[in-house]
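Colleague: So here's target05.csv, just CSV, C-alpha atoms:
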chain,number,residue,atom,x,y,z
A,1,MET,CA,-16.3,-20.4,-4.5
A,2,HIS,CA,-19.5,-19.3,-6.4
A,3,GLY,CA,-22.7,-17.8,-5.3
A,4,GLU,CA,-23.2,-14.3,-3.9
A,5,PRO,CA,-20.1,-12.9,-2.2
A,6,ARG,CA,-20.5,-11.3,1.2
A,7,PRO,CA,-20.3,-7.5,1.1
A,8,PHE,CA,-17.1,-5.6,1.9
A,9,TRP,CA,-16.9,-4.1,5.4
A,10,HIS,CA,-18.0,-0.6,6.0
A,11,PRO,CA,-15.0,1.7,5.3
A,12,LEU,CA,-15.2,3.1,8.9
A,13,ALA,CA,-15.0,-0.4,10.3
A,14,ALA,CA,-12.2,-1.5,8.0
A,15,GLY,CA,-10.3,1.7,8.8
A,16,VAL,CA,-10.6,1.3,12.5
A,17,LEU,CA,-9.5,-2.3,12.3
A,18,LEU,CA,-6.6,-1.5,10.1
A,19,GLY,CA,-5.6,1.3,12.5
A,20,LEU,CA,-5.7,-1.1,15.4
A,21,VAL,CA,-3.6,-3.7,13.6
A,22,LEU,CA,-1.1,-0.9,12.7
A,23,LEU,CA,-1.1,0.3,16.4
A,24,LEU,CA,-0.5,-3.3,17.5
A,25,THR,CA,2.4,-3.5,15.0
A,26,PHE,CA,4.0,-0.4,16.5
A,27,LEU,CA,3.6,-1.8,20.1
A,28,VAL,CA,5.1,-5.1,19.2
A,29,THR,CA,7.9,-4.2,16.9
A,30,GLY,CA,8.5,-0.4,17.2
A,31,HIS,CA,7.8,0.1,13.5
A,32,GLY,CA,4.8,0.1,11.2
A,33,LEU,CA,3.6,-2.2,8.4
A,34,GLY,CA,5.2,-2.3,5.0
A,35,ALA,CA,5.2,-4.1,1.7
A,36,SER,CA,7.6,-2.8,-0.9
A,37,GLY,CA,10.7,-3.9,1.2
A,38,PHE,CA,9.8,-7.5,0.4
A,39,PHE,CA,9.9,-6.8,-3.4
A,40,THR,CA,13.3,-5.2,-2.9
A,41,ARG,CA,14.5,-8.4,-1.3
A,42,LEU,CA,12.9,-10.4,-4.0
A,43,ALA,CA,14.6,-8.3,-6.7
A,44,ALA,CA,17.9,-9.0,-4.9
A,45,ALA,CA,17.2,-12.7,-4.8
A,46,VAL,CA,16.2,-12.8,-8.5
A,47,GLY,CA,19.2,-10.6,-9.4
A,48,GLY,CA,21.6,-12.9,-7.5
A,49,TRP,CA,20.2,-15.8,-9.3
A,50,LEU,CA,20.2,-14.3,-12.9
A,51,ALA,CA,23.4,-12.2,-12.7
A,52,PRO,CA,25.2,-12.9,-9.4
A,53,ALA,CA,28.3,-10.9,-10.1
A,54,ALA,CA,26.6,-7.8,-11.4
A,55,SER,CA,23.9,-7.9,-8.6
A,56,ALA,CA,26.5,-8.3,-5.8
A,57,ALA,CA,28.5,-5.4,-7.3
A,58,ASN,CA,25.3,-3.2,-7.5
A,59,ALA,CA,25.5,-0.2,-5.2
A,60,TYR,CA,21.8,-0.4,-4.3
A,61,LEU,CA,20.9,-4.1,-4.2
A,62,GLY,CA,24.4,-5.5,-3.4
A,63,PRO,CA,24.0,-5.5,0.4
A,64,TYR,CA,20.9,-7.7,0.0
A,65,VAL,CA,22.4,-10.1,-2.4
A,66,GLY,CA,23.8,-13.3,-1.0
A,67,GLY,CA,22.7,-16.4,0.8
A,68,ALA,CA,19.6,-15.0,2.5
A,69,SER,CA,18.2,-12.1,0.4
A,70,LEU,CA,14.7,-12.9,1.6
A,71,ALA,CA,15.5,-13.5,5.3
A,72,GLY,CA,13.8,-10.6,7.1
A,73,TRP,CA,10.8,-9.4,9.0
A,74,ILE,CA,9.1,-8.0,5.9
A,75,THR,CA,9.1,-11.4,4.2
A,76,TRP,CA,7.2,-13.1,7.0
A,77,GLU,CA,4.8,-10.1,7.1
A,78,ILE,CA,4.1,-10.3,3.4
A,79,LEU,CA,3.6,-14.0,3.6
A,80,GLY,CA,1.0,-13.2,6.4
A,81,VAL,CA,-0.6,-10.6,4.2
A,82,PHE,CA,-1.0,-13.2,1.5
A,83,LEU,CA,-2.5,-15.7,3.9
A,84,GLY,CA,-4.8,-13.0,5.4
A,85,GLY,CA,-6.1,-12.1,1.9
A,86,LEU,CA,-6.6,-15.8,1.0
A,87,ILE,CA,-8.4,-16.6,4.2
A,88,GLY,CA,-10.6,-13.5,4.1
A,89,SER,CA,-11.6,-14.0,0.5
A,90,LEU,CA,-12.3,-17.7,0.8
A,91,TRP,CA,-14.3,-17.2,4.0
A,92,SER,CA,-16.4,-14.4,2.5
A,93,GLY,CA,-17.0,-16.0,-0.9
A,94,ARG,CA,-15.1,-13.2,-2.5
A,95,PHE,CA,-12.3,-15.4,-3.9
A,96,ARG,CA,-12.4,-15.3,-7.8
A,97,LEU,CA,-9.7,-16.8,-9.9
A,98,GLY,CA,-9.3,-14.6,-13.0
A,99,VAL,CA,-8.3,-11.2,-14.3
A,100,GLU,CA,-10.0,-8.0,-12.9
A,101,GLY,CA,-10.1,-4.9,-15.1
A,102,GLY,CA,-12.4,-2.5,-16.8
A,103,ARG,CA,-15.6,-4.0,-18.1
A,104,SER,CA,-14.8,-3.5,-21.8
A,105,GLN,CA,-11.1,-3.9,-21.4
A,106,PRO,CA,-9.6,-7.0,-23.2
A,107,THR,CA,-7.6,-9.2,-20.9
A,108,GLY,CA,-4.4,-8.7,-22.9
A,109,ARG,CA,-4.6,-5.0,-22.5
A,110,ARG,CA,-5.4,-5.2,-18.8
A,111,LEU,CA,-2.3,-7.4,-18.3
A,112,ALA,CA,-0.1,-5.0,-20.3
A,113,TYR,CA,-1.2,-2.1,-18.1
A,114,ALA,CA,-0.6,-4.2,-15.0
A,115,PHE,CA,2.9,-4.8,-16.4
A,116,LEU,CA,3.6,-1.1,-16.9
A,117,GLY,CA,2.0,-0.1,-13.6
A,118,GLY,CA,4.1,-2.6,-11.7
A,119,ILE,CA,7.3,-1.3,-13.1
A,120,LEU,CA,6.4,2.3,-12.2
A,121,VAL,CA,5.4,1.3,-8.7
A,122,GLY,CA,8.5,-0.9,-8.1
A,123,PHE,CA,10.8,2.0,-9.3
A,124,GLY,CA,8.8,4.6,-7.4
A,125,SER,CA,8.9,2.6,-4.1
A,126,ARG,CA,12.7,2.5,-4.2
A,127,LEU,CA,12.9,6.2,-5.0
A,128,ALA,CA,10.6,7.1,-2.1
A,129,ARG,CA,12.2,4.5,0.2
A,130,GLY,CA,8.7,3.0,0.9
A,131,CYS,CA,5.2,2.6,-0.5
A,132,THR,CA,1.6,3.3,0.4
A,133,SER,CA,1.8,1.0,3.4
A,134,GLY,CA,5.2,1.9,4.8
A,135,LEU,CA,5.2,5.6,4.1
A,136,GLY,CA,1.6,6.6,3.5
A,137,LEU,CA,-0.1,4.5,6.2
A,138,SER,CA,2.7,3.9,8.8
A,139,GLY,CA,4.4,7.2,8.1
A,140,GLY,CA,1.1,9.0,8.4
A,141,ALA,CA,0.2,7.4,11.7
A,142,VAL,CA,3.4,8.8,13.3
A,143,LEU,CA,2.5,12.2,11.8
A,144,SER,CA,5.8,12.2,9.8
A,145,VAL,CA,6.3,14.9,7.2
A,146,GLY,CA,7.6,12.2,4.9
A,147,GLY,CA,4.4,10.2,5.0
A,148,PHE,CA,2.2,13.2,4.2
A,149,LEU,CA,4.6,14.4,1.4
A,150,PHE,CA,4.4,10.9,-0.1
A,151,LEU,CA,0.6,10.9,0.0
A,152,ALA,CA,0.5,14.3,-1.6
A,153,GLY,CA,2.6,13.1,-4.5
A,154,PHE,CA,0.6,9.8,-4.7
A,155,PHE,CA,-2.8,11.5,-4.9
A,156,ALA,CA,-1.8,14.3,-7.2
A,157,ALA,CA,-0.2,11.9,-9.8
A,158,GLY,CA,-3.0,9.4,-9.4
A,159,LEU,CA,-5.7,11.9,-10.2
A,160,LEU,CA,-3.7,13.3,-13.1
A,161,VAL,CA,-2.9,9.9,-14.7
A,162,MET,CA,-6.5,8.7,-14.1
A,163,GLN,CA,-7.7,11.4,-16.6
A,164,ALA,CA,-6.0,9.3,-19.3
A,165,MET,CA,-6.9,5.9,-17.8
A,166,ARG,CA,-10.6,6.7,-17.0
A,167,LYS,CA,-12.0,4.8,-20.0
A,168,GLU,CA,-9.9,1.7,-19.3
A,169,TRP,CA,-11.3,1.3,-15.8
A,170,SER,CA,-14.9,2.2,-16.5
B,1,MET,CA,7.0,-4.3,30.7
B,2,SER,CA,7.9,-1.4,28.5
B,3,LEU,CA,6.4,-0.7,25.1
B,4,PRO,CA,7.2,-1.0,22.2
B,5,ALA,CA,8.4,-4.5,22.9
B,6,TYR,CA,10.8,-4.4,19.9
B,7,ASP,CA,10.0,-8.0,19.0
B,8,GLY,CA,11.3,-8.7,15.6
B,9,SER,CA,10.3,-12.4,15.6
B,10,ALA,CA,9.0,-14.2,12.5
B,11,TRP,CA,5.9,-15.4,14.2
B,12,ALA,CA,4.8,-11.9,15.3
B,13,ALA,CA,5.5,-10.7,11.7
B,14,LEU,CA,3.4,-13.5,10.3
B,15,VAL,CA,0.4,-12.9,12.6
B,16,LEU,CA,0.5,-9.1,12.1
B,17,GLY,CA,0.7,-9.7,8.4
B,18,ILE,CA,-2.4,-12.0,8.4
B,19,LEU,CA,-4.3,-9.3,10.3
B,20,PHE,CA,-3.1,-6.7,7.8
B,21,GLY,CA,-4.2,-8.9,4.9
B,22,LEU,CA,-7.6,-9.6,6.5
B,23,ALA,CA,-8.3,-5.9,7.0
B,24,LEU,CA,-7.2,-4.9,3.4
B,25,GLU,CA,-9.3,-7.7,1.8
B,26,GLY,CA,-12.3,-7.0,4.1
B,27,GLY,CA,-12.2,-3.4,3.2
B,28,GLY,CA,-12.2,-4.2,-0.5
B,29,LEU,CA,-8.7,-3.0,-1.1
B,30,GLY,CA,-7.7,-6.0,-3.1
B,31,SER,CA,-9.9,-5.0,-6.0
B,32,PRO,CA,-8.2,-2.9,-8.7
B,33,ARG,CA,-11.6,-1.6,-9.9
B,34,LYS,CA,-12.4,-0.4,-6.4
B,35,LEU,CA,-9.0,1.0,-5.8
B,36,THR,CA,-8.8,3.0,-9.0
B,37,ALA,CA,-12.3,4.3,-8.6
B,38,GLN,CA,-10.9,6.5,-5.9
B,39,PHE,CA,-9.3,8.6,-8.6
B,40,THR,CA,-12.6,8.9,-10.5
B,41,PHE,CA,-14.4,9.9,-7.3
B,42,ARG,CA,-16.8,7.0,-7.7
B,43,ASP,CA,-15.5,5.1,-4.6
B,44,PHE,CA,-13.8,6.8,-1.7
B,45,THR,CA,-12.8,3.6,0.1
B,46,VAL,CA,-9.1,4.1,-0.3
B,47,LEU,CA,-9.1,7.5,1.4
B,48,LYS,CA,-11.7,6.6,3.9
B,49,VAL,CA,-10.0,3.5,5.1
B,50,MET,CA,-6.5,5.0,5.0
B,51,LEU,CA,-7.4,8.2,6.9
B,52,THR,CA,-9.5,6.3,9.5
B,53,ALA,CA,-6.6,4.0,10.1
B,54,VAL,CA,-4.1,6.8,10.4
B,55,VAL,CA,-6.3,8.7,12.9
B,56,THR,CA,-7.0,5.5,14.9
B,57,CYS,CA,-3.4,4.5,15.2
B,58,ALA,CA,-2.1,8.0,15.8
B,59,LEU,CA,-4.7,8.6,18.5
B,60,GLY,CA,-3.9,5.2,20.1
B,61,LEU,CA,-0.2,6.0,20.1
B,62,TRP,CA,-0.8,9.4,21.6
B,63,LEU,CA,-3.1,8.2,24.3
B,64,LEU,CA,-0.8,5.3,25.3
B,65,ARG,CA,2.2,7.6,25.4
B,66,SER,CA,0.3,10.2,27.4
B,67,ALA,CA,-0.7,7.5,29.9
B,68,GLY,CA,3.0,6.4,30.2
B,69,ILE,CA,2.3,3.0,28.7
B,70,VAL,CA,4.4,3.6,25.6
B,71,THR,CA,7.8,4.9,26.6
B,72,GLY,CA,10.1,3.9,23.9
B,73,GLY,CA,10.6,5.5,20.4
B,74,VAL,CA,8.8,4.3,17.3
B,75,TYR,CA,10.2,4.5,13.8
B,76,ILE,CA,9.7,7.8,12.0
B,77,PRO,CA,11.1,8.2,8.5
B,78,THR,CA,13.5,11.0,7.8
B,79,PRO,CA,12.2,12.8,4.7
B,80,TYR,CA,14.1,13.4,1.5
B,81,TYR,CA,11.7,15.9,0.0
B,82,TRP,CA,12.2,15.4,-3.7
B,83,ALA,CA,12.6,11.7,-3.7
B,84,PHE,CA,9.5,11.2,-1.4
B,85,LEU,CA,7.4,13.4,-3.6
B,86,ALA,CA,8.6,12.0,-6.9
B,87,GLY,CA,8.5,8.4,-5.6
B,88,GLY,CA,4.9,9.0,-4.3
B,89,ALA,CA,4.0,10.4,-7.7
B,90,LEU,CA,5.4,7.4,-9.6
B,91,ILE,CA,3.4,5.1,-7.3
B,92,GLY,CA,0.3,7.1,-7.8
B,93,ALA,CA,0.8,7.0,-11.6
B,94,GLY,CA,1.5,3.2,-11.5
B,95,PHE,CA,-1.5,2.7,-9.3
B,96,ALA,CA,-3.8,4.5,-11.8
B,97,VAL,CA,-2.3,2.5,-14.7
B,98,GLY,CA,-1.8,-0.9,-13.1
B,99,GLY,CA,-4.5,-0.9,-10.4
B,100,TYR,CA,-2.5,-1.7,-7.3
B,101,CYS,CA,0.3,-0.7,-4.9
B,102,PRO,CA,2.6,-3.3,-3.3
B,103,GLY,CA,0.4,-4.3,-0.3
B,104,THR,CA,-2.9,-4.3,-2.2
B,105,SER,CA,-1.4,-6.4,-5.1
B,106,THR,CA,-0.4,-9.0,-2.6
B,107,VAL,CA,-4.0,-9.2,-1.3
B,108,GLY,CA,-5.4,-9.0,-4.8
B,109,PHE,CA,-3.4,-12.0,-5.9
B,110,ALA,CA,-4.3,-13.9,-2.7
B,111,ALA,CA,-8.0,-13.4,-3.6
B,112,GLY,CA,-7.3,-15.0,-7.0
B,113,ARG,CA,-6.5,-12.0,-9.3
B,114,LEU,CA,-3.9,-13.0,-11.8
B,115,ASP,CA,-3.4,-9.4,-13.0
B,116,ALA,CA,-2.0,-8.8,-9.5
B,117,LEU,CA,0.6,-11.5,-10.1
B,118,VAL,CA,1.7,-9.8,-13.3
B,119,PHE,CA,1.9,-6.5,-11.3
B,120,MET,CA,4.0,-8.1,-8.6
B,121,ALA,CA,6.4,-9.6,-11.0
B,122,ASP,CA,6.9,-6.2,-12.6
B,123,MET,CA,7.4,-4.4,-9.4
B,124,VAL,CA,10.5,-6.7,-9.0
B,125,ALA,CA,11.5,-5.5,-12.5
B,126,GLY,CA,11.0,-1.9,-11.5
B,127,VAL,CA,13.2,-2.3,-8.5
B,128,GLY,CA,15.8,-3.9,-10.8
B,129,LEU,CA,15.6,-0.9,-13.1
B,130,PHE,CA,16.1,1.5,-10.1
B,131,ALA,CA,19.1,-0.5,-8.9
B,132,GLY,CA,20.6,-0.5,-12.4
B,133,GLY,CA,20.3,3.3,-12.7
B,134,PHE,CA,21.2,3.9,-9.0
B,135,SER,CA,24.6,5.5,-9.6
B,136,TRP,CA,22.9,8.0,-11.9
B,137,LEU,CA,19.9,8.5,-9.6
B,138,GLU,CA,21.7,8.8,-6.3
B,139,PRO,CA,22.1,12.6,-6.3
B,140,PHE,CA,18.4,13.0,-6.7
B,141,TYR,CA,17.7,10.1,-4.2
B,142,THR,CA,19.6,11.9,-1.4
B,143,ALA,CA,18.8,15.5,-2.4
B,144,ALA,CA,16.9,17.9,0.0
B,145,GLN,CA,17.2,15.9,3.1
B,146,GLY,CA,14.9,17.2,5.9
B,147,PRO,CA,15.5,17.1,9.6
B,148,GLU,CA,15.8,13.6,11.0
B,149,ARG,CA,12.5,12.0,12.0
B,150,GLN,CA,10.6,15.2,11.1
B,151,THR,CA,7.0,15.3,12.2
B,152,MET,CA,4.1,17.5,11.2
B,153,ASP,CA,3.7,18.7,14.9
B,154,GLY,CA,7.4,19.6,14.9
B,155,LEU,CA,7.2,21.4,11.6
B,156,LEU,CA,4.1,23.4,12.5
B,157,GLY,CA,5.0,23.9,16.1
B,158,LEU,CA,1.7,22.4,17.3
B,159,PRO,CA,1.0,19.7,19.9
B,160,ALA,CA,0.5,16.3,18.4
B,161,TRP,CA,-3.1,16.1,19.4
B,162,ALA,CA,-3.9,19.2,17.4
B,163,VAL,CA,-2.4,17.6,14.2
B,164,ILE,CA,-4.4,14.4,15.0
B,165,LEU,CA,-7.6,16.5,15.4
B,166,ALA,CA,-6.9,18.2,12.0
B,167,VAL,CA,-6.5,14.8,10.3
B,168,ALA,CA,-9.7,13.6,12.0
B,169,GLY,CA,-11.5,16.6,10.7
B,170,MET,CA,-10.2,15.9,7.2
B,171,THR,CA,-11.3,12.3,7.5
B,172,ALA,CA,-14.9,13.4,8.5
B,173,ALA,CA,-14.9,15.8,5.5
B,174,VAL,CA,-13.8,12.9,3.2
B,175,PHE,CA,-16.6,10.8,4.5
B,176,ALA,CA,-19.2,13.5,4.0
B,177,VAL,CA,-18.1,14.9,0.6
B,178,GLY,CA,-17.0,11.5,-0.6
B,179,GLY,CA,-20.3,9.9,0.3
B,180,ARG,CA,-22.2,12.5,-1.6
B,181,LEU,CA,-20.0,12.1,-4.7
B,182,GLU,CA,-20.2,8.3,-4.5
B,183,ARG,CA,-24.0,8.4,-4.6
B,184,LYS,CA,-23.9,10.8,-7.5
B,185,LEU,CA,-21.6,8.6,-9.5
B,186,ASP,CA,-23.3,5.3,-8.9
B,187,GLY,CA,-20.7,4.1,-6.3
B,188,PRO,CA,-19.2,2.7,-4.2
B,189,ILE,CA,-18.4,-0.5,-5.9
B,190,SER,CA,-19.7,-3.5,-4.0
B,191,ALA,CA,-18.4,-7.1,-3.8
B,192,SER,CA,-21.3,-8.3,-5.9
B,193,ASP,CA,-20.6,-5.6,-8.6
B,194,LEU,CA,-17.4,-7.3,-9.2
B,195,VAL,CA,-19.0,-10.7,-10.0
B,196,PRO,CA,-21.0,-10.2,-13.1
B,197,VAL,CA,-18.1,-8.5,-14.7
B,198,GLU,CA,-16.1,-11.7,-14.8
B,199,LYS,CA,-19.1,-13.6,-16.2
B,200,ASN,CA,-19.4,-11.1,-19.0
B,201,ASP,CA,-15.7,-11.4,-19.7
B,202,ALA,CA,-15.9,-15.1,-19.8
B,203,GLU,CA,-18.7,-15.0,-22.3
B,204,VAL,CA,-16.7,-12.6,-24.5
B,205,ARG,CA,-13.6,-14.6,-24.3
B,206,THR,CA,-15.0,-18.1,-25.0
Let me see the structure of the file written as structure tokens.
Modeller:
Amino acid sequence: MHGEPRPFWHPLAAGVLLGLVLLLTFLVTGHGLGASGFFTRLAAAVGGWLAPAASAANAYLGPYVGGASLAGWITWEILGVFLGGLIGSLWSGRFRLGVEGGRSQPTGRRLAYAFLGGILVGFGSRLARGCTSGLGLSGGAVLSVGGFLFLAGFFAAGLLVMQAMRKEWS
Amino acid sequence: MSLPAYDGSAWAALVLGILFGLALEGGGLGSPRKLTAQFTFRDFTVLKVMLTAVVTCALGLWLLRSAGIVTGGVYIPTPYYWAFLAGGALIGAGFAVGGYCPGTSTVGFAAGRLDALVFMADMVAGVGLFAGGFSWLEPFYTAAQGPERQTMDGLLGLPAWAVILAVAGMTAAVFAVGGRLERKLDGPISASDLVPVEKNDAEVRT
């Protein structure tokens, strides 16, 4: 686990490989790769466990609440993403147990920002009906207007908010 | 055999997910420092990898369809202009603040990052917040619906290959300009750059 980690792949190689995986996904399933759909199902499962009546009655999450909130293609895919990340990082010596943040950022503050960012992304992914994987990547690859619109909003807001966050990440 | 195969099996999902995770981790997209450095222009990995992947897949689909190998339809999202733009902006903001998006946080956690676990738990909370306010949000959520399965080639009245060529040109420009900015700003962030940071942190914290 220690010692020098192997370098990341060249972005061109990583991009071509990611594109081929995405192409294979379209050929096998007829749709692209995703991620946020899993967290929607997880929210339905957690909601069904914490407040079953309110969650089942909820107009948005209700249809997912019940015996098998997590049963779906996206759950298996995300399990695979986790395994792929684990195998890749262990294999390359890049696995590091810890908290990653800006160099002078205290751990508590890094976790507070992760907390806030997670809420914004969870909320935003439901509003947009997808995330960087499902809309940006998969939607972009089928040349959808929705995918490019999503990416425009993503990069504009990211650049803007980074002006305030720059010190935290330096 | 006609393609797509429309195979929704769990095994295919698991295998495709593993390949997706390997590609994200290999490209360095599990590191929040590397991911957020896109927005300071120190590291263009996010844009480089994403655009290259989009061009590769779009070109592959176009070639296979032109050759008559892919005959069936693939999923194309129907846009809701305001919700897509605002949702994308919220994810961009959350990415700059929290360091991840849904897929990259999964890979970040898999590679041992505990901040990614916090991020993932709070995405669930964010979904809950959206669901709680859904009746109030619904008019905005469904406003300004575009044509079903709207594509850039359809919108611009261009052949698909011309749009793919334009995106490929944009990708080449990102590699050229991004590479120059990276060198100027002491980037891109390498895997070994991420190691001493944690050692320093450990010294500070003990």
Colleague: Residues at most 12 Å from Val99 of chain A, counting all atoms listed in the file, excluding those fewer than 5 positions away in the same chain, as a VMD selection string?
Modeller: (chain A and resid 105 to 112 114) or (chain B and resid 31 to 33 99 108 to 109 111 to 119 194 to 195 197 to 199 201 to 202 205)
Colleague: With distances taken over all atoms listed in the file, which residue among A:Ala53, A:Gly37, A:Leu97, A:Val65 lies nearest chain B?
Modeller: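 Smallest separation from chain B among the options: A:Leu97.
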Colleague: Determine, counting all atoms listed in the file, every residue of protein, DNA or RNA that lies within 10 Å of (-3.0, 1.9, 12.6) in the file coordinates, then give the result as number ranges by chain.
Modeller: A: 15-26, 32-33, 137-138, 140-142; B: 20, 50-61
Colleague: Using all atoms listed in the file, which protein or nucleic acid residues come within 10 Å of segment 10-14 of chain A? Drop anything in the same chain fewer than 5 positions from it, and give the result as a PyMOL selection string.
Modeller: (chain A and resi 19-20) or (chain B and resi 22-29+44-53+175)
Colleague: Hey, can you check how far atom CA of Ala110 of chain B sits from atom CA of Trp91 of chain A?
Modeller: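 Atom-to-atom, atom CA of Ala110 of chain B and atom CA of Trp91 of chain A are spaced 12.5 Å apart.
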Colleague: Would you please work out which residue, of B:Ala12, B:Ala86, B:Ile18, B:Ile69, is nearest to Ile78 of chain A when using only C-alpha atoms?
Modeller: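 Between B:Ala12, B:Ala86, B:Ile18, B:Ile69, the residue approaching Ile78 of chain A most closely is B:Ile18.
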Colleague: Counting only C-alpha atoms, find residues at most 10 Å from (4.5, 14.1, 2.3) (file frame) and give them as a list in words.
Modeller: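 So the residues meeting the distance criterion are Leu135, Gly136, Gly139, Gly140, Leu143, Ser144, Val145, Gly146, Gly147, Phe148, Leu149, Phe150, Leu151, Ala152, Gly153 and Phe154 of chain A; Pro79, Tyr80, Tyr81, Trp82, Phe84, Leu85, Gly88 and Met152 of chain B.
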Colleague: Just C-alpha atoms for this one: save the residues we selected as an mmCIF file, in the coordinates of the input.
Modeller:
data_model
loop_
_atom_site.group_PDB
_atom_site.id
_atom_site.type_symbol
_atom_site.label_atom_id
_atom_site.label_comp_id
_atom_site.auth_asym_id
_atom_site.auth_seq_id
_atom_site.Cartn_x
_atom_site.Cartn_y
_atom_site.Cartn_z
ATOM 1 C CA LEU A 135 5.200 5.600 4.100
ATOM 2 C CA GLY A 136 1.600 6.600 3.500
ATOM 3 C CA GLY A 139 4.400 7.200 8.100
ATOM 4 C CA GLY A 140 1.100 9.000 8.400
ATOM 5 C CA LEU A 143 2.500 12.200 11.800
ATOM 6 C CA SER A 144 5.800 12.200 9.800
ATOM 7 C CA VAL A 145 6.300 14.900 7.200
ATOM 8 C CA GLY A 146 7.600 12.200 4.900
ATOM 9 C CA GLY A 147 4.400 10.200 5.000
ATOM 10 C CA PHE A 148 2.200 13.200 4.200
ATOM 11 C CA LEU A 149 4.600 14.400 1.400
ATOM 12 C CA PHE A 150 4.400 10.900 -0.100
ATOM 13 C CA LEU A 151 0.600 10.900 0.000
ATOM 14 C CA ALA A 152 0.500 14.300 -1.600
ATOM 15 C CA GLY A 153 2.600 13.100 -4.500
ATOM 16 C CA PHE A 154 0.600 9.800 -4.700
ATOM 17 C CA PRO B 79 12.200 12.800 4.700
ATOM 18 C CA TYR B 80 14.100 13.400 1.500
ATOM 19 C CA TYR B 81 11.700 15.900 0.000
ATOM 20 C CA TRP B 82 12.200 15.400 -3.700
ATOM 21 C CA PHE B 84 9.500 11.200 -1.400
ATOM 22 C CA LEU B 85 7.400 13.400 -3.600
ATOM 23 C CA GLY B 88 4.900 9.000 -4.300
ATOM 24 C CA MET B 152 4.100 17.500 11.200
#
Colleague: Pick the closest to Ala156 of chain A from B:Gly8, B:Arg65, B:Val70, B:Gly92: which is it, counting all atoms listed in the file?
Modeller: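 Selected residue with least distance to Ala156 of chain A: B:Gly92.
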